[in-house]
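Listing of model.tsv; format and content: TSV, C-alpha atoms and all ligand atoms.
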```tsv
chain	number	residue	atom	x	y	z
A	28	MET	CA	-6.13	-26.96	-4.22
A	29	THR	CA	-6.99	-23.45	-5.30
A	30	THR	CA	-9.30	-23.28	-8.29
A	31	GLU	CA	-8.81	-21.00	-11.27
A	32	GLN	CA	-11.94	-19.14	-10.34
A	33	GLU	CA	-10.58	-18.37	-6.90
A	34	LEU	CA	-7.29	-17.25	-8.39
A	35	GLY	CA	-9.13	-14.83	-10.62
A	36	ALA	CA	-11.45	-13.62	-7.89
A	37	ALA	CA	-8.89	-12.58	-5.31
A	38	PRO	CA	-7.45	-9.51	-7.03
A	39	MET	CA	-10.92	-8.25	-7.91
A	40	SER	CA	-11.84	-8.08	-4.25
A	41	ILE	CA	-8.70	-6.01	-3.70
A	42	MET	CA	-9.76	-3.79	-6.59
A	43	ASP	CA	-13.21	-3.48	-5.09
A	44	SER	CA	-11.72	-2.25	-1.86
A	45	LEU	CA	-9.43	0.22	-3.65
A	46	VAL	CA	-11.74	1.61	-6.31
A	47	ARG	CA	-14.41	3.81	-4.84
A	48	ASN	CA	-17.51	3.93	-6.98
A	49	ASP	CA	-21.02	5.15	-6.38
A	50	ARG	CA	-21.27	3.53	-2.94
A	51	GLY	CA	-20.66	7.01	-1.57
A	52	GLY	CA	-18.25	8.05	1.12
A	53	PRO	CA	-18.06	8.30	4.86
A	54	LYS	CA	-19.71	11.14	6.79
A	55	TRP	CA	-16.54	13.08	7.47
A	56	LEU	CA	-13.05	13.74	6.27
A	57	TRP	CA	-10.37	15.98	7.73
A	58	ARG	CA	-9.31	18.90	5.59
A	59	SER	CA	-6.64	21.41	6.48
A	60	GLY	CA	-7.41	21.69	10.17
A	61	SER	CA	-10.95	20.48	10.73
A	62	LEU	CA	-13.52	17.82	9.98
A	63	VAL	CA	-15.73	18.65	7.00
A	64	PRO	CA	-18.70	16.72	5.59
A	65	TRP	CA	-17.28	14.28	3.02
A	66	ALA	CA	-19.78	15.36	0.37
A	67	ASP	CA	-18.74	19.01	0.68
A	68	ALA	CA	-14.99	18.44	0.28
A	69	ARG	CA	-14.58	19.97	-3.17
A	70	ILE	CA	-11.92	21.72	-5.19
A	71	HIS	CA	-12.34	23.63	-8.42
A	72	VAL	CA	-12.21	21.41	-11.52
A	73	ASN	CA	-9.37	23.51	-12.86
A	74	ALA	CA	-7.24	22.63	-9.84
A	75	VAL	CA	-7.54	18.86	-10.18
A	76	GLY	CA	-4.78	18.12	-12.69
A	77	HIS	CA	-2.27	20.52	-11.22
A	78	ALA	CA	-2.94	19.37	-7.68
A	79	SER	CA	-2.52	15.76	-8.73
A	80	VAL	CA	0.84	16.28	-10.43
A	81	ALA	CA	2.44	17.41	-7.19
A	82	SER	CA	0.48	15.55	-4.55
A	83	VAL	CA	1.87	12.97	-2.16
A	84	PHE	CA	-0.09	10.57	-0.03
A	85	GLU	CA	-0.16	7.65	2.37
A	86	GLY	CA	-2.18	4.47	2.64
A	87	ILE	CA	-2.75	3.30	6.20
A	88	LYS	CA	-4.96	0.59	7.59
A	89	ALA	CA	-6.85	0.46	10.86
A	90	TYR	CA	-8.02	-3.05	11.75
A	91	VAL	CA	-10.76	-4.06	14.15
A	92	SER	CA	-9.05	-5.72	17.11
A	93	HIS	CA	-9.41	-9.48	17.61
A	94	ASP	CA	-11.70	-8.84	20.61
A	95	GLY	CA	-13.84	-6.46	18.57
A	96	ASN	CA	-13.72	-3.49	20.93
A	97	ARG	CA	-11.34	-1.06	19.21
A	98	LEU	CA	-9.65	-0.07	15.99
A	99	LEU	CA	-5.91	-0.51	15.70
A	100	ALA	CA	-4.16	1.83	13.28
A	101	PHE	CA	-1.13	-0.03	11.98
A	102	ARG	CA	2.24	1.74	12.07
A	103	LEU	CA	0.53	5.12	12.01
A	104	ASP	CA	3.56	7.18	13.05
A	105	GLU	CA	5.81	5.48	10.50
A	106	HIS	CA	3.30	6.13	7.71
A	107	LEU	CA	3.00	9.77	8.74
A	108	ARG	CA	6.78	10.06	8.84
A	109	ARG	CA	6.92	8.74	5.27
A	110	LEU	CA	4.31	11.32	4.24
A	111	TYR	CA	6.60	14.09	5.50
A	112	GLU	CA	9.55	12.49	3.70
A	113	SER	CA	7.60	12.34	0.42
A	114	ALA	CA	6.53	15.97	0.89
A	115	ARG	CA	10.12	17.02	1.57
A	116	LEU	CA	11.33	15.34	-1.64
A	117	VAL	CA	8.72	17.11	-3.80
A	118	ARG	CA	9.20	20.41	-1.89
A	119	ILE	CA	5.72	20.66	-0.47
A	120	ASP	CA	5.61	22.15	3.02
A	121	ILE	CA	3.00	20.43	5.15
A	122	PRO	CA	1.81	23.17	7.48
A	123	TYR	CA	0.96	20.75	10.33
A	124	GLY	CA	3.06	18.83	12.79
A	125	VAL	CA	2.89	15.06	13.08
A	126	GLU	CA	0.83	15.34	16.31
A	127	THR	CA	-1.87	17.24	14.45
A	128	LEU	CA	-1.97	14.62	11.71
A	129	ARG	CA	-2.09	11.76	14.18
A	130	ASP	CA	-5.00	13.49	15.93
A	131	ALA	CA	-6.65	14.09	12.55
A	132	VAL	CA	-6.51	10.38	11.68
A	133	ILE	CA	-8.01	9.44	15.05
A	134	GLU	CA	-10.65	12.16	14.69
A	135	VAL	CA	-11.67	10.79	11.27
A	136	LEU	CA	-11.96	7.24	12.62
A	137	ARG	CA	-14.05	8.40	15.60
A	138	ALA	CA	-16.28	10.84	13.71
A	139	ASN	CA	-17.23	8.18	11.17
A	140	GLU	CA	-18.02	5.70	13.95
A	141	TYR	CA	-16.30	2.91	12.09
A	142	ARG	CA	-16.78	-0.61	13.38
A	143	GLU	CA	-15.07	-2.27	10.39
A	144	ASP	CA	-11.57	-2.38	8.95
A	145	VAL	CA	-10.70	1.02	7.52
A	146	TYR	CA	-8.26	2.26	4.91
A	147	LEU	CA	-7.00	5.80	5.58
A	148	ARG	CA	-5.63	8.12	2.97
A	149	PRO	CA	-3.87	11.28	4.12
A	150	TRP	CA	-2.73	13.34	1.16
A	151	ALA	CA	-1.14	16.70	0.60
A	152	PHE	CA	-1.61	18.80	-2.51
A	153	PRO	CA	-1.05	22.38	-3.64
A	154	ALA	CA	-3.98	24.57	-2.62
A	155	GLY	CA	-6.08	26.58	-5.05
A	156	ILE	CA	-5.77	26.87	-8.81
A	157	VAL	CA	-2.09	26.70	-9.57
A	158	GLN	CA	-1.61	28.44	-12.91
A	159	GLU	CA	1.16	26.27	-14.27
A	160	GLN	CA	1.88	22.62	-14.87
A	161	MET	CA	5.16	22.71	-12.93
A	162	VAL	CA	3.70	23.44	-9.53
A	163	PRO	CA	6.35	25.61	-7.84
A	164	ALA	CA	8.10	24.63	-4.65
A	165	GLY	CA	6.85	26.09	-1.40
A	166	VAL	CA	3.31	26.71	-2.65
A	167	THR	CA	0.60	26.63	0.02
A	168	CYS	CA	-0.55	23.11	0.54
A	169	GLU	CA	-3.77	21.51	1.69
A	170	LEU	CA	-3.95	18.33	3.67
A	171	VAL	CA	-6.80	15.87	3.57
A	172	VAL	CA	-7.40	12.70	5.54
A	173	ASP	CA	-9.94	10.54	3.72
A	174	SER	CA	-11.02	7.02	4.64
A	175	TRP	CA	-13.14	4.07	3.58
A	176	THR	CA	-13.87	0.57	4.72
A	177	PHE	CA	-12.28	-2.47	3.12
A	178	GLN	CA	-12.41	-6.23	3.37
A	179	SER	CA	-9.18	-7.82	4.53
A	180	GLY	CA	-7.77	-10.80	2.65
A	181	LEU	CA	-5.66	-11.89	5.61
A	182	GLY	CA	-6.27	-15.45	6.70
A	183	THR	CA	-8.15	-16.28	3.51
A	184	GLU	CA	-7.27	-18.73	0.77
A	185	ARG	CA	-6.09	-16.62	-2.14
A	186	GLY	CA	-3.51	-16.22	-4.84
A	187	CYS	CA	-2.89	-14.26	-8.00
A	188	ARG	CA	-1.40	-14.62	-11.46
A	189	ALA	CA	1.41	-12.18	-12.09
A	190	ALA	CA	3.34	-11.33	-15.20
A	191	VAL	CA	6.57	-9.45	-15.76
A	192	SER	CA	5.64	-6.17	-17.41
A	193	SER	CA	7.07	-4.78	-20.60
A	194	TRP	CA	6.97	-1.39	-18.85
A	195	THR	CA	10.11	-0.45	-16.88
A	196	ARG	CA	9.74	0.76	-13.30
A	197	ILE	CA	10.24	4.52	-12.89
A	198	ASN	CA	13.63	5.27	-11.42
A	199	GLU	CA	15.57	7.54	-9.10
A	200	ALA	CA	16.92	9.61	-12.00
A	201	SER	CA	13.49	10.71	-13.21
A	202	MET	CA	10.53	9.80	-10.99
A	203	PRO	CA	11.87	8.58	-7.64
A	204	PRO	CA	9.74	5.60	-6.53
A	205	ARG	CA	10.74	6.38	-2.94
A	206	VAL	CA	8.29	9.29	-3.08
A	207	LYS	CA	4.70	8.16	-2.60
A	208	ALA	CA	3.32	10.54	-5.22
A	209	PHE	CA	0.10	10.02	-7.14
A	210	SER	CA	1.92	10.80	-10.39
A	211	ASN	CA	4.18	7.75	-9.89
A	212	TYR	CA	1.13	5.53	-10.24
A	213	HIS	CA	0.86	6.29	-13.94
A	214	ASN	CA	3.71	3.80	-14.40
A	215	GLY	CA	1.98	1.12	-12.32
A	216	ARG	CA	-1.33	1.73	-14.04
A	217	LEU	CA	0.12	1.20	-17.51
A	218	ALA	CA	1.68	-2.03	-16.31
A	219	MET	CA	-1.58	-3.13	-14.70
A	220	ILE	CA	-3.58	-2.47	-17.86
A	221	GLU	CA	-1.12	-4.53	-19.87
A	222	ALA	CA	-1.27	-7.39	-17.37
A	223	ARG	CA	-5.07	-7.44	-17.41
A	224	GLU	CA	-5.22	-7.29	-21.19
A	225	ASN	CA	-2.96	-10.33	-21.32
A	226	GLY	CA	-5.12	-12.28	-18.86
A	227	HIS	CA	-2.99	-11.87	-15.73
A	228	ASP	CA	-3.98	-10.28	-12.45
A	229	TRP	CA	-0.99	-8.09	-11.58
A	230	PRO	CA	2.25	-6.97	-13.18
A	231	ILE	CA	5.74	-7.27	-11.74
A	232	LEU	CA	7.91	-4.39	-12.87
A	233	LEU	CA	11.61	-4.67	-13.62
A	234	ASN	CA	13.83	-1.68	-13.00
A	235	GLU	CA	16.11	0.04	-15.51
A	236	ARG	CA	18.80	-2.57	-14.77
A	237	GLY	CA	16.40	-5.37	-15.67
A	238	LYS	CA	16.13	-6.51	-12.03
A	239	VAL	CA	12.89	-7.17	-10.20
A	240	SER	CA	11.53	-4.07	-8.47
A	241	GLU	CA	7.91	-4.33	-7.27
A	242	GLY	CA	4.25	-4.51	-8.21
A	243	PRO	CA	2.18	-1.40	-8.93
A	244	GLY	CA	0.97	-1.24	-5.33
A	245	ALA	CA	3.13	-3.62	-3.31
A	246	CYS	CA	6.65	-4.93	-2.84
A	247	ILE	CA	7.57	-8.48	-3.70
A	248	ALA	CA	9.62	-11.34	-2.23
A	249	ILE	CA	10.60	-14.81	-3.34
A	250	VAL	CA	11.37	-17.93	-1.31
A	251	ARG	CA	13.91	-20.34	-2.73
A	252	ASP	CA	15.45	-23.24	-0.83
A	253	GLY	CA	14.11	-21.76	2.40
A	254	VAL	CA	15.69	-18.33	1.94
A	255	VAL	CA	13.48	-15.27	1.50
A	256	SER	CA	14.88	-12.63	-0.88
A	257	THR	CA	13.39	-9.24	-1.59
A	258	PRO	CA	14.66	-6.43	-3.81
A	259	SER	CA	16.66	-3.87	-1.85
A	260	THR	CA	15.40	-0.33	-1.25
A	261	THR	CA	17.63	0.87	-4.12
A	262	SER	CA	15.90	-1.44	-6.61
A	263	GLY	CA	13.30	1.18	-7.60
A	264	ILE	CA	10.75	0.44	-4.89
A	265	LEU	CA	8.72	2.36	-2.39
A	266	GLU	CA	10.25	2.00	1.07
A	267	SER	CA	7.35	-0.17	2.11
A	268	LEU	CA	6.34	-0.53	5.72
A	269	THR	CA	4.73	-3.90	5.05
A	270	ARG	CA	8.00	-5.08	3.53
A	271	GLU	CA	9.87	-3.91	6.65
A	272	THR	CA	7.23	-5.50	8.87
A	273	SER	CA	7.42	-8.75	6.89
A	274	ILE	CA	11.20	-8.89	7.17
A	275	THR	CA	10.93	-8.49	10.95
A	276	LEU	CA	8.19	-11.11	11.31
A	277	LEU	CA	9.88	-13.62	9.00
A	278	ARG	CA	13.13	-13.33	10.94
A	279	GLU	CA	11.21	-13.83	14.18
A	280	LEU	CA	9.73	-16.96	12.61
A	281	GLY	CA	13.29	-18.18	12.05
A	282	HIS	CA	13.64	-17.49	8.33
A	283	THR	CA	16.65	-16.02	6.63
A	284	VAL	CA	15.70	-12.86	4.75
A	285	VAL	CA	18.06	-11.21	2.30
A	286	GLU	CA	17.62	-7.76	0.74
A	287	ARG	CA	19.37	-7.84	-2.61
A	288	GLU	CA	18.95	-7.55	-6.36
A	289	VAL	CA	16.56	-10.21	-7.64
A	290	ASP	CA	16.71	-11.54	-11.20
A	291	ARG	CA	13.63	-12.11	-13.34
A	292	THR	CA	14.46	-15.80	-13.77
A	293	GLU	CA	14.53	-16.25	-9.99
A	294	LEU	CA	10.79	-15.59	-10.10
A	295	TYR	CA	10.43	-18.67	-12.32
A	296	LEU	CA	12.51	-20.92	-10.06
A	297	ALA	CA	11.11	-19.76	-6.73
A	298	ASP	CA	9.21	-22.11	-4.44
A	299	GLU	CA	7.05	-19.18	-3.30
A	300	VAL	CA	6.46	-15.61	-4.42
A	301	PHE	CA	4.34	-13.06	-2.59
A	302	PHE	CA	3.41	-9.39	-2.73
A	303	MET	CA	3.37	-7.31	0.44
A	304	GLY	CA	1.80	-3.91	0.95
A	305	THR	CA	-0.73	-2.08	3.09
A	306	GLY	CA	-3.44	-2.45	0.44
A	307	TRP	CA	-2.68	-5.96	-0.78
A	308	GLU	CA	-1.52	-7.21	2.62
A	309	ILE	CA	0.28	-10.54	2.08
A	310	LEU	CA	-0.81	-11.71	-1.38
A	311	PRO	CA	0.54	-15.04	-2.65
A	312	VAL	CA	1.62	-15.10	-6.29
A	313	THR	CA	0.71	-18.54	-7.57
A	314	TRP	CA	1.63	-18.13	-11.25
A	315	VAL	CA	4.32	-15.98	-12.91
A	316	ASP	CA	4.32	-15.57	-16.68
A	317	GLY	CA	2.25	-18.72	-17.05
A	318	LEU	CA	4.54	-20.81	-14.85
A	319	LYS	CA	3.09	-22.30	-11.71
A	320	VAL	CA	4.87	-21.17	-8.54
A	321	GLY	CA	5.49	-24.19	-6.30
A	322	GLU	CA	2.24	-26.14	-6.05
A	323	GLY	CA	0.22	-23.26	-7.47
A	324	GLU	CA	-1.09	-22.20	-4.09
A	325	ALA	CA	0.22	-20.19	-1.13
A	326	GLY	CA	3.35	-21.88	0.25
A	327	PRO	CA	4.25	-22.48	3.90
A	328	VAL	CA	6.43	-19.39	4.37
A	329	THR	CA	3.80	-17.11	2.83
A	330	ARG	CA	1.09	-18.71	4.97
A	331	ALA	CA	3.15	-18.33	8.14
A	332	LEU	CA	3.83	-14.68	7.35
A	333	ASP	CA	0.16	-14.05	6.60
A	334	ALA	CA	-0.81	-15.59	9.95
A	335	ALA	CA	1.83	-13.62	11.88
A	336	TYR	CA	0.89	-10.35	10.16
A	337	HIS	CA	-2.80	-11.01	10.76
A	338	SER	CA	-2.16	-11.71	14.41
A	339	VAL	CA	-0.15	-8.50	14.85
A	340	VAL	CA	-2.55	-6.13	13.03
A	341	ARG	CA	-5.52	-7.40	15.04
A	342	GLY	CA	-3.62	-7.08	18.31
A	343	ARG	CA	-3.86	-10.82	18.99
A	344	SER	CA	-0.12	-11.15	19.28
A	345	PRO	CA	1.45	-9.71	22.43
A	346	GLU	CA	4.45	-8.72	20.30
A	347	HIS	CA	4.78	-5.39	18.53
A	348	ALA	CA	2.08	-3.54	20.44
A	349	ASP	CA	4.16	-0.43	19.67
A	350	TRP	CA	3.10	-0.76	16.01
A	351	LEU	CA	-0.54	-0.21	16.96
A	352	THR	CA	-2.44	2.98	17.81
A	353	GLU	CA	-5.60	2.10	19.70
A	354	ILE	CA	-8.88	3.84	19.04
A	355	PRO	CA	-11.44	2.37	21.48
A	356	PHE	CA	-15.07	2.04	20.36
B	401	LIG	C1	4.27	1.16	-5.43
B	401	LIG	C2	4.11	0.63	-4.07
B	401	LIG	N1	5.05	-0.17	-3.57
B	401	LIG	C3	4.96	-0.69	-2.34
B	401	LIG	C4	3.87	-0.43	-1.54
B	401	LIG	C5	3.79	-1.00	-0.17
B	401	LIG	O1	4.06	0.00	0.77
B	401	LIG	P1	3.46	-0.12	2.23
B	401	LIG	O2	3.80	-1.46	2.70
B	401	LIG	O3	4.17	0.93	3.02
B	401	LIG	O4	2.02	0.10	2.11
B	401	LIG	C6	2.87	0.40	-2.00
B	401	LIG	C7	1.73	0.70	-1.15
B	401	LIG	O5	0.83	1.38	-1.47
B	401	LIG	C8	2.98	0.94	-3.30
B	401	LIG	O6	2.04	1.73	-3.79
```
Can you give me the file's structure in the form of structure tokens?
Ligand SMILES: Cc1ncc(COP(=O)(O)O)c(C=O)c1O
Amino acid sequence: MTTEQELGAAPMSIMDSLVRNDRGGPKWLWRSGSLVPWADARIHVNAVGHASVASVFEGIKAYVSHDGNRLLAFRLDEHLRRLYESARLVRIDIPYGVETLRDAVIEVLRANEYREDVYLRPWAFPAGIVQEQMVPAGVTCELVVDSWTFQSGLGTERGCRAAVSSWTRINEASMPPRVKAFSNYHNGRLAMIEARENGHDWPILLNERGKVSEGPGACIAIVRDGVVSTPSTTSGILESLTRETSITLLRELGHTVVEREVDRTELYLADEVFFMGTGWEILPVTWVDGLKVGEGEAGPVTRALDAAYHSVVRGRSPEHADWLTEIPF
């Protein structure tokens, strides 16, 4: 049985891996064409807000292989493709081809001599001091590939308490959630603050139609009577690669997976609920709005998915080698 302390501890370790504090950075990052010392990668203070309004990014993980002799970047090309799609939607022209970005990611992993699991963050933002809030289309853009190590939660006993947020998920008509833009995360952050203030770990956001959309940094699925259901890509979600990966793996495991609108009350009746995302990996939701989900611990479908995902990202599974980019030590 999972204890309350463990339930509370799990999301904090995710936060630890996502919030960079004074532990410092790696030696190198890639900036607009070349490696630069991480500590020297600066922009003028006046550029920060404007750059952030328009910037788009990706979150990619590279896992140490099961045999410990290489890093495996997970679904690198698909993440980079989504970066270009986000950039296209916000009218930022990335002045590099996908080959250059793939090489940049590999260069960053090699230059920093990582021997641990690494989170990679490519991001594109308007260059220089843009003199207006509404950063114009077509403005020169910079591209950075940053990185840091993280501790994976895969294969560990964990769970979290979620709560439906009073904040509505941003929507296609105003702030398209399909774009992975930093500015979209204002919505998720408000929801997260509310959840924490009310003693929960993570919020679940409903969309403008009152249907389940996603968490602030991950998609969500429920299992009820053996069927896995997850909000469709028109439910106000990011087109998550972990969600797509999970659907594939669950179907391979013999489960029925349906992409459809999900009602709030289905969260309360579900046998299992789990988040899925690059950052959160496969995170079981063990309480929703104070109601225990199933037995109050990760259920069998969630556990099986976690194991399959873990096996794939570490290259232990012979399947889906095409999802992995190898960077030998
Ligand atoms: C809002 C949001 N939804 C979903 C996801 C999951 O997307 P992916 O699986 O591609 O990482 C993320 C990941 O960062 C996210 O920020």
Expected answer as a PDB file with C-alpha atoms, in the frame of the given file: residues within 7 Å of ligand LIG 401 (chain B), all atoms listed in the file:
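Below is the file that was written, selection.pdb:
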```pdb
ATOM      1  CA  GLY A  86      -2.180   4.470   2.640  1.00  0.00           C
ATOM      2  CA  GLU A 241       7.910  -4.330  -7.270  1.00  0.00           C
ATOM      3  CA  GLY A 242       4.250  -4.510  -8.210  1.00  0.00           C
ATOM      4  CA  PRO A 243       2.180  -1.400  -8.930  1.00  0.00           C
ATOM      5  CA  GLY A 244       0.970  -1.240  -5.330  1.00  0.00           C
ATOM      6  CA  ALA A 245       3.130  -3.620  -3.310  1.00  0.00           C
ATOM      7  CA  CYS A 246       6.650  -4.930  -2.840  1.00  0.00           C
ATOM      8  CA  ILE A 264      10.750   0.440  -4.890  1.00  0.00           C
ATOM      9  CA  LEU A 265       8.720   2.360  -2.390  1.00  0.00           C
ATOM     10  CA  GLU A 266      10.250   2.000   1.070  1.00  0.00           C
ATOM     11  CA  SER A 267       7.350  -0.170   2.110  1.00  0.00           C
ATOM     12  CA  LEU A 268       6.340  -0.530   5.720  1.00  0.00           C
ATOM     13  CA  THR A 269       4.730  -3.900   5.050  1.00  0.00           C
ATOM     14  CA  ARG A 270       8.000  -5.080   3.530  1.00  0.00           C
ATOM     15  CA  MET A 303       3.370  -7.310   0.440  1.00  0.00           C
ATOM     16  CA  GLY A 304       1.800  -3.910   0.950  1.00  0.00           C
ATOM     17  CA  THR A 305      -0.730  -2.080   3.090  1.00  0.00           C
ATOM     18  CA  GLY A 306      -3.440  -2.450   0.440  1.00  0.00           C
TER      19      GLY A 306
END
```
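Computed from the coordinates, the atom CA of Tyr336 of chain A to atom CA of Leu181 of chain A distance equals 8.1 Å.
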Worksheet item: When you draw a straight line from atom CA of Val125 of chain A to atom CA of Glu286 of chain A, how long is it in Å?
Response: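 That distance, rounded to one decimal, is 29.8 Å.
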Just the residues within 8 Å of Arg291 of chain A, please, counting all atoms listed in the file, with nothing from its chain fewer than 4 positions along; format it as an mmCIF file with C-alpha atoms, keeping the file's coordinate frame.
```
data_model
loop_
_atom_site.group_PDB
_atom_site.id
_atom_site.type_symbol
_atom_site.label_atom_id
_atom_site.label_comp_id
_atom_site.auth_asym_id
_atom_site.auth_seq_id
_atom_site.Cartn_x
_atom_site.Cartn_y
_atom_site.Cartn_z
ATOM 1 C CA VAL A 191 6.570 -9.450 -15.760
ATOM 2 C CA LEU A 233 11.610 -4.670 -13.620
ATOM 3 C CA GLY A 237 16.400 -5.370 -15.670
ATOM 4 C CA LYS A 238 16.130 -6.510 -12.030
ATOM 5 C CA VAL A 239 12.890 -7.170 -10.200
ATOM 6 C CA TYR A 295 10.430 -18.670 -12.320
#
```
Practice prompt. With a distance cut-off of 7 Å and only C-alpha atoms, select the neighbouring residues of segment 103-107 of chain A, excluding the residue or stretch itself and same-chain residues fewer than 5 positions from it, and output the selection as a PyMOL selection string.
Written response: chain A and resi 85+87+125+352
Worksheet item: What is the atom CA of Thr329 of chain A-atom CA of Val255 of chain A distance in Å, reported with one decimal?
Response: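 According to the coordinates, atom CA of Thr329 of chain A and atom CA of Val255 of chain A are separated by 9.9 Å.
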Worksheet item: Quick one: of A:Leu128, A:Ala114, A:Leu170, A:Leu277, who's nearest to Gly253 of chain A, counting all atoms listed in the file?
Response: A:Leu277
Item to complete: Please provide as a list in words all residues within 10 Å of Gly76 of chain A, with the sequence filter that same-chain residues fewer than 6 positions apart are discarded (counting all atoms listed in the file).
Response: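 Once the nearby chain positions are removed, what remains is Ile156, Val157 and Gln160 of chain A.
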Item to complete: Show me as a PyMOL selection string the residues that reach within 9 Å of (-11.8, 7.3, 8.3), counting all atoms listed in the file and using the file's own coordinates.
Response: chain A and resi 53-57+89+132-141+145-148+172-176
Can you spit out the residues from that selection as a JSON list (two decimals), keeping the file's coordinate frame, using C-alpha atoms?
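Resulting contents of selection.json:
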```json
[["chain", "number", "residue", "atom", "x", "y", "z"],
["A", 53, "PRO", "CA", -18.06, 8.30, 4.86],
["A", 54, "LYS", "CA", -19.71, 11.14, 6.79],
["A", 55, "TRP", "CA", -16.54, 13.08, 7.47],
["A", 56, "LEU", "CA", -13.05, 13.74, 6.27],
["A", 57, "TRP", "CA", -10.37, 15.98, 7.73],
["A", 89, "ALA", "CA", -6.85, 0.46, 10.86],
["A", 132, "VAL", "CA", -6.51, 10.38, 11.68],
["A", 133, "ILE", "CA", -8.01, 9.44, 15.05],
["A", 134, "GLU", "CA", -10.65, 12.16, 14.69],
["A", 135, "VAL", "CA", -11.67, 10.79, 11.27],
["A", 136, "LEU", "CA", -11.96, 7.24, 12.62],
["A", 137, "ARG", "CA", -14.05, 8.40, 15.60],
["A", 138, "ALA", "CA", -16.28, 10.84, 13.71],
["A", 139, "ASN", "CA", -17.23, 8.18, 11.17],
["A", 140, "GLU", "CA", -18.02, 5.70, 13.95],
["A", 141, "TYR", "CA", -16.30, 2.91, 12.09],
["A", 145, "VAL", "CA", -10.70, 1.02, 7.52],
["A", 146, "TYR", "CA", -8.26, 2.26, 4.91],
["A", 147, "LEU", "CA", -7.00, 5.80, 5.58],
["A", 148, "ARG", "CA", -5.63, 8.12, 2.97],
["A", 172, "VAL", "CA", -7.40, 12.70, 5.54],
["A", 173, "ASP", "CA", -9.94, 10.54, 3.72],
["A", 174, "SER", "CA", -11.02, 7.02, 4.64],
["A", 175, "TRP", "CA", -13.14, 4.07, 3.58],
["A", 176, "THR", "CA", -13.87, 0.57, 4.72]]
```
Discussion item. With distances taken over all atoms listed in the file, which residue among A:Pro64, A:Gly317, A:Gly281, A:Pro311 lies nearest Gly182 of chain A?
Written reply: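 Checking each of A:Pro64, A:Gly317, A:Gly281, A:Pro311 against Gly182 of chain A, counting all atoms listed in the file, the winner is A:Pro311.
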Practice prompt. Just the residues within 7 Å of His227 of chain A, please, counting only C-alpha atoms, with nothing from its chain fewer than 6 positions along; format it as a list of chain:residue names.
Written response: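 Within the cut-off, the hits are A:Arg188, A:Ala189, A:Ala190.
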Worksheet item: With all atoms listed in the file as the basis for distance, which of A:Arg108, A:Arg287, A:Arg118, A:Arg102 is at the shortest distance from Thr272 of chain A?
Response: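 Smallest distance to Thr272 of chain A is found for A:Arg102.
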Worksheet entry | Expected residue set, 12 Å radius at (10.1, -19.7, -4.3), all atoms listed in the file, as a PyMOL selection string | chain A and resi 247-257+289+292-301+311-315+318-329
Fill in: Shell around Ala334 of chain A at 12 Å using all atoms listed in the file, local window under 3 positions removed, as an MDAnalysis selection string
chainID A and resid 180:184 273 276:277 280 308:310 327:331 337:341 343:344
Practice prompt. May I ask which of the residues A:Ser79, A:Leu116, A:Asp316, A:Glu169 is the closest one to Ser193 of chain A, counting all atoms listed in the file?
Written response: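 Under the stated criterion, the closest residue is A:Asp316.
Using all atoms listed in the file, the smallest distance between any of A:Cys168, A:Val206, A:Val162, A:Val83 and Ile121 of chain A comes from A:Cys168.
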